[in-house]
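S.K.: If it helps, the file is called entry.cif and holds mmCIF, N, CA and C atoms:
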data_structure
#
loop_
_atom_site.label_atom_id
_atom_site.label_comp_id
_atom_site.auth_asym_id
_atom_site.auth_seq_id
_atom_site.Cartn_x
_atom_site.Cartn_y
_atom_site.Cartn_z
N MET A 94 9.56 21.91 -4.42
CA MET A 94 10.21 20.69 -4.01
C MET A 94 11.08 21.02 -2.79
N PRO A 95 10.78 20.40 -1.65
CA PRO A 95 11.55 20.70 -0.43
C PRO A 95 12.97 20.16 -0.49
N HIS A 96 13.86 20.86 0.20
CA HIS A 96 15.25 20.45 0.31
C HIS A 96 15.51 20.05 1.76
N VAL A 97 16.36 19.05 1.96
CA VAL A 97 16.71 18.62 3.30
C VAL A 97 18.18 18.24 3.32
N GLY A 98 18.86 18.62 4.40
CA GLY A 98 20.26 18.27 4.55
C GLY A 98 20.41 16.80 4.94
N VAL A 99 21.59 16.27 4.69
CA VAL A 99 21.87 14.86 4.98
C VAL A 99 21.65 14.55 6.46
N ARG A 100 22.15 15.39 7.35
CA ARG A 100 22.01 15.14 8.78
C ARG A 100 20.54 15.15 9.19
N GLU A 101 19.79 16.15 8.72
CA GLU A 101 18.35 16.23 9.03
C GLU A 101 17.62 15.00 8.49
N LEU A 102 17.96 14.57 7.29
CA LEU A 102 17.33 13.39 6.70
C LEU A 102 17.63 12.15 7.53
N LYS A 103 18.89 12.01 7.96
CA LYS A 103 19.28 10.86 8.77
C LYS A 103 18.54 10.83 10.10
N ASN A 104 18.39 11.99 10.72
CA ASN A 104 17.74 12.06 12.03
C ASN A 104 16.23 11.84 11.97
N ARG A 105 15.61 12.18 10.85
CA ARG A 105 14.15 12.08 10.74
C ARG A 105 13.73 11.35 9.47
N LEU A 106 14.43 10.24 9.17
CA LEU A 106 14.20 9.51 7.93
C LEU A 106 12.76 9.04 7.78
N SER A 107 12.18 8.48 8.83
CA SER A 107 10.81 7.96 8.75
C SER A 107 9.83 9.06 8.35
N ARG A 108 9.98 10.24 8.91
CA ARG A 108 9.09 11.36 8.60
C ARG A 108 9.18 11.72 7.11
N TYR A 109 10.40 11.78 6.59
CA TYR A 109 10.57 12.15 5.18
C TYR A 109 10.09 11.04 4.24
N LEU A 110 10.27 9.78 4.64
CA LEU A 110 9.78 8.68 3.81
C LEU A 110 8.26 8.68 3.73
N LYS A 111 7.59 9.04 4.81
CA LYS A 111 6.12 9.14 4.77
C LYS A 111 5.69 10.24 3.80
N ARG A 112 6.43 11.33 3.77
CA ARG A 112 6.10 12.40 2.83
C ARG A 112 6.29 11.94 1.39
N VAL A 113 7.34 11.17 1.15
CA VAL A 113 7.60 10.64 -0.19
C VAL A 113 6.50 9.64 -0.57
N GLN A 114 6.09 8.81 0.37
CA GLN A 114 5.01 7.86 0.09
C GLN A 114 3.73 8.60 -0.27
N GLY A 115 3.56 9.80 0.25
CA GLY A 115 2.40 10.62 -0.07
C GLY A 115 2.50 11.29 -1.44
N GLY A 116 3.60 11.05 -2.15
CA GLY A 116 3.74 11.59 -3.50
C GLY A 116 4.70 12.75 -3.64
N GLU A 117 5.28 13.19 -2.56
CA GLU A 117 6.18 14.34 -2.58
C GLU A 117 7.59 13.92 -3.00
N GLU A 118 8.30 14.79 -3.69
CA GLU A 118 9.71 14.57 -4.03
C GLU A 118 10.56 15.44 -3.12
N ILE A 119 11.69 14.90 -2.66
CA ILE A 119 12.55 15.63 -1.74
C ILE A 119 13.98 15.62 -2.29
N VAL A 120 14.61 16.81 -2.27
CA VAL A 120 16.00 16.95 -2.71
C VAL A 120 16.89 16.90 -1.48
N VAL A 121 17.92 16.05 -1.53
CA VAL A 121 18.87 15.91 -0.42
C VAL A 121 20.09 16.77 -0.74
N THR A 122 20.49 17.56 0.24
CA THR A 122 21.65 18.44 0.04
C THR A 122 22.76 18.09 1.03
N GLU A 123 23.99 18.38 0.58
CA GLU A 123 25.15 18.23 1.44
C GLU A 123 25.99 19.49 1.30
N ARG A 124 26.11 20.22 2.41
CA ARG A 124 26.82 21.51 2.41
C ARG A 124 26.25 22.47 1.36
N GLY A 125 24.92 22.45 1.23
CA GLY A 125 24.25 23.37 0.33
C GLY A 125 24.17 22.93 -1.11
N GLN A 126 24.80 21.84 -1.46
CA GLN A 126 24.79 21.34 -2.83
C GLN A 126 23.82 20.15 -2.94
N SER A 127 23.00 20.15 -3.96
CA SER A 127 22.08 19.04 -4.18
C SER A 127 22.86 17.80 -4.57
N VAL A 128 22.60 16.68 -3.87
CA VAL A 128 23.33 15.45 -4.15
C VAL A 128 22.41 14.29 -4.54
N ALA A 129 21.14 14.40 -4.19
CA ALA A 129 20.22 13.29 -4.49
C ALA A 129 18.79 13.81 -4.47
N ARG A 130 17.94 12.98 -5.03
CA ARG A 130 16.51 13.29 -5.02
C ARG A 130 15.78 12.01 -4.64
N ILE A 131 14.89 12.11 -3.67
CA ILE A 131 14.09 10.96 -3.25
C ILE A 131 12.71 11.12 -3.88
N VAL A 132 12.33 10.13 -4.67
CA VAL A 132 11.04 10.20 -5.37
C VAL A 132 10.25 8.93 -5.07
N PRO A 133 8.93 9.01 -5.14
CA PRO A 133 8.12 7.81 -4.92
C PRO A 133 8.34 6.81 -6.06
N VAL A 134 8.27 5.52 -5.74
CA VAL A 134 8.35 4.50 -6.77
C VAL A 134 7.03 4.50 -7.55
N ASN A 135 7.04 3.87 -8.71
CA ASN A 135 5.82 3.80 -9.49
C ASN A 135 4.74 3.09 -8.69
N ILE A 136 3.58 3.67 -8.66
CA ILE A 136 2.46 3.09 -7.93
C ILE A 136 1.82 2.02 -8.80
N SER A 137 1.59 0.86 -8.21
CA SER A 137 0.98 -0.23 -8.97
C SER A 137 -0.45 0.14 -9.35
N SER A 138 -0.95 -0.49 -10.39
CA SER A 138 -2.31 -0.20 -10.85
C SER A 138 -3.32 -0.57 -9.77
N LEU A 139 -3.04 -1.62 -8.98
CA LEU A 139 -3.95 -2.01 -7.90
C LEU A 139 -4.01 -0.91 -6.86
N LYS A 140 -2.86 -0.41 -6.44
CA LYS A 140 -2.84 0.65 -5.43
C LYS A 140 -3.49 1.91 -5.97
N ARG A 141 -3.25 2.21 -7.25
CA ARG A 141 -3.86 3.39 -7.86
C ARG A 141 -5.38 3.28 -7.84
N ALA A 142 -5.90 2.07 -8.08
CA ALA A 142 -7.34 1.86 -8.07
C ALA A 142 -7.90 1.92 -6.65
N LEU A 143 -7.12 1.48 -5.67
CA LEU A 143 -7.58 1.47 -4.29
C LEU A 143 -7.41 2.82 -3.59
N GLU A 144 -6.56 3.68 -4.12
CA GLU A 144 -6.23 4.94 -3.45
C GLU A 144 -7.45 5.76 -3.05
N PRO A 145 -8.43 5.99 -3.94
CA PRO A 145 -9.60 6.77 -3.51
C PRO A 145 -10.36 6.11 -2.36
N MET A 146 -10.49 4.79 -2.40
CA MET A 146 -11.20 4.08 -1.32
C MET A 146 -10.40 4.11 -0.03
N LEU A 147 -9.07 4.08 -0.12
CA LEU A 147 -8.23 4.17 1.07
C LEU A 147 -8.40 5.53 1.73
N ARG A 148 -8.42 6.59 0.93
CA ARG A 148 -8.59 7.94 1.46
C ARG A 148 -9.94 8.12 2.14
N GLU A 149 -11.00 7.53 1.56
CA GLU A 149 -12.35 7.64 2.13
C GLU A 149 -12.52 6.77 3.36
N GLY A 150 -11.62 5.81 3.56
CA GLY A 150 -11.74 4.91 4.69
C GLY A 150 -12.65 3.73 4.42
N ALA A 151 -13.03 3.53 3.15
CA ALA A 151 -13.90 2.41 2.79
C ALA A 151 -13.17 1.08 2.88
N VAL A 152 -11.84 1.09 2.68
CA VAL A 152 -11.02 -0.13 2.77
C VAL A 152 -9.76 0.19 3.55
N ARG A 153 -9.10 -0.85 4.03
CA ARG A 153 -7.80 -0.71 4.69
C ARG A 153 -6.86 -1.69 4.03
N TRP A 154 -5.63 -1.24 3.78
CA TRP A 154 -4.63 -2.11 3.16
C TRP A 154 -3.26 -1.65 3.60
N SER A 155 -2.48 -2.58 4.15
CA SER A 155 -1.13 -2.23 4.60
C SER A 155 -0.10 -2.43 3.50
N GLY A 156 -0.55 -2.91 2.33
CA GLY A 156 0.36 -3.13 1.22
C GLY A 156 0.88 -4.54 1.16
N GLY A 157 0.55 -5.35 2.15
CA GLY A 157 1.04 -6.72 2.17
C GLY A 157 0.08 -7.69 1.48
N LYS A 158 0.42 -8.95 1.56
CA LYS A 158 -0.40 -9.99 0.98
C LYS A 158 -1.68 -10.13 1.81
N PRO A 159 -2.84 -10.24 1.16
CA PRO A 159 -4.08 -10.38 1.92
C PRO A 159 -4.09 -11.67 2.73
N ARG A 160 -4.66 -11.58 3.92
CA ARG A 160 -4.82 -12.75 4.76
C ARG A 160 -6.24 -13.27 4.59
N GLY A 161 -6.43 -14.52 4.91
CA GLY A 161 -7.75 -15.12 4.83
C GLY A 161 -8.67 -14.55 5.89
N ALA A 162 -9.95 -14.80 5.75
CA ALA A 162 -10.93 -14.34 6.72
C ALA A 162 -10.70 -15.04 8.05
N SER A 163 -11.03 -14.37 9.12
CA SER A 163 -10.84 -14.98 10.43
C SER A 163 -11.88 -16.07 10.68
N ARG A 164 -13.06 -15.95 10.05
CA ARG A 164 -14.09 -16.97 10.19
C ARG A 164 -14.43 -17.51 8.81
N ARG A 165 -14.72 -18.80 8.74
CA ARG A 165 -15.10 -19.41 7.46
C ARG A 165 -16.50 -18.93 7.10
N PRO A 166 -16.78 -18.76 5.81
CA PRO A 166 -18.12 -18.35 5.41
C PRO A 166 -19.13 -19.48 5.65
N VAL A 167 -20.35 -19.10 5.98
CA VAL A 167 -21.41 -20.06 6.21
C VAL A 167 -22.15 -20.24 4.89
N ILE A 168 -22.19 -21.48 4.41
CA ILE A 168 -22.86 -21.77 3.14
C ILE A 168 -24.20 -22.41 3.45
N ARG A 169 -25.25 -21.83 2.92
CA ARG A 169 -26.59 -22.33 3.15
C ARG A 169 -27.08 -23.06 1.90
N GLY A 170 -27.94 -24.03 2.09
CA GLY A 170 -28.49 -24.76 0.96
C GLY A 170 -27.62 -25.95 0.60
N ARG A 171 -27.80 -26.43 -0.61
CA ARG A 171 -27.07 -27.62 -1.07
C ARG A 171 -25.62 -27.29 -1.35
N THR A 172 -24.79 -28.31 -1.19
CA THR A 172 -23.37 -28.13 -1.46
C THR A 172 -23.13 -28.24 -2.96
N LEU A 173 -22.01 -27.74 -3.39
CA LEU A 173 -21.63 -27.83 -4.79
C LEU A 173 -21.49 -29.29 -5.21
N ALA A 174 -20.95 -30.11 -4.34
CA ALA A 174 -20.79 -31.54 -4.65
C ALA A 174 -22.14 -32.19 -4.91
N ASP A 175 -23.14 -31.87 -4.07
CA ASP A 175 -24.48 -32.42 -4.28
C ASP A 175 -25.07 -31.99 -5.62
N MET A 176 -24.87 -30.73 -5.98
CA MET A 176 -25.41 -30.24 -7.26
C MET A 176 -24.73 -30.92 -8.44
N VAL A 177 -23.42 -31.17 -8.37
CA VAL A 177 -22.70 -31.85 -9.44
C VAL A 177 -23.19 -33.29 -9.59
N ILE A 178 -23.34 -33.98 -8.46
CA ILE A 178 -23.83 -35.36 -8.49
C ILE A 178 -25.22 -35.42 -9.10
N GLU A 179 -26.08 -34.49 -8.71
CA GLU A 179 -27.44 -34.46 -9.25
C GLU A 179 -27.43 -34.18 -10.75
N ASP A 180 -26.55 -33.29 -11.19
CA ASP A 180 -26.48 -32.94 -12.62
C ASP A 180 -25.98 -34.11 -13.45
N ARG A 181 -25.16 -34.96 -12.87
CA ARG A 181 -24.61 -36.10 -13.61
C ARG A 181 -25.63 -37.22 -13.77
N ARG A 182 -26.73 -37.21 -13.04
CA ARG A 182 -27.74 -38.27 -13.13
C ARG A 182 -28.60 -38.10 -14.33
#
Please lay out the structure from this file as structure tokens.

M.R.:
Amino acid sequence: MPHVGVRELKNRLSRYLKRVQGGEEIVVTERGQSVARIVPVNISSLKRALEPMLREGAVRWSGGKPRGASRRPVIRGRTLADMVIEDRR
């Protein structure tokens, strides 16, 4: 488990947070004494399921809410409304 001083952590916080996001735990020290430990939060079951696909590059996810498709899907054949109307006859 790596140790980092408060000043070093403050100067390079983003770098250490990326390491924590990768699953690493970091001990924060002040004047040589351990004062805190930074640990990753519990990983959601969705992220745990997606993790292997994220590593392989099969999917991309920034962790935010999914956005809709940029283009609407093209539906071929009869519409659902037409099928319902036909079924009701």

S.K.: Just list as a ChimeraX atom specification whatever in stretch 101-167 of chain A DSSP marks as strand (DSSP E or B).

M.R.: /A:119-123,126-131

S.K.: So how far away is atom CA of A:Glu118 from atom N of A:Arg130, in Å?

M.R.: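 Spanning atom N of A:Arg130 to atom CA of A:Glu118 is a straight-line distance of 8.4 Å.
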
S.K.: What does the structure give for the distance between atom CA of A:Arg100 and atom N of A:Val113, in Å to one decimal?

M.R.: 17.0 Å

S.K.: Taking the file above as input, evaluate the PyMOL selection byres ((chain A and resi 117) around 8) and report the hits as a list in words.

M.R.: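 On the file shown, the PyMOL selection byres ((chain A and resi 117) around 8) covers Met94, Pro95, Lys111, Arg112, Val113, Gln114, Gly115, Gly116, Glu118, Ile119, Val120, Ile131, Val132 and Pro133 of chain A.
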
S.K.: Quick check, in Å to one decimal: how far apart do atom CA of A:Ser107 and atom C of A:Arg160 lie?

M.R.: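 Taking atom CA of A:Ser107 as the start and atom C of A:Arg160 as the end point, the length is 27.5 Å.
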
S.K.: List the spatial neighbours of A:Gly98 as number ranges by chain - criterion: any atom at most 8 Å away, only N, CA and C atoms, same-chain residues fewer than 6 positions off excluded.

M.R.: A: 104, 120-125
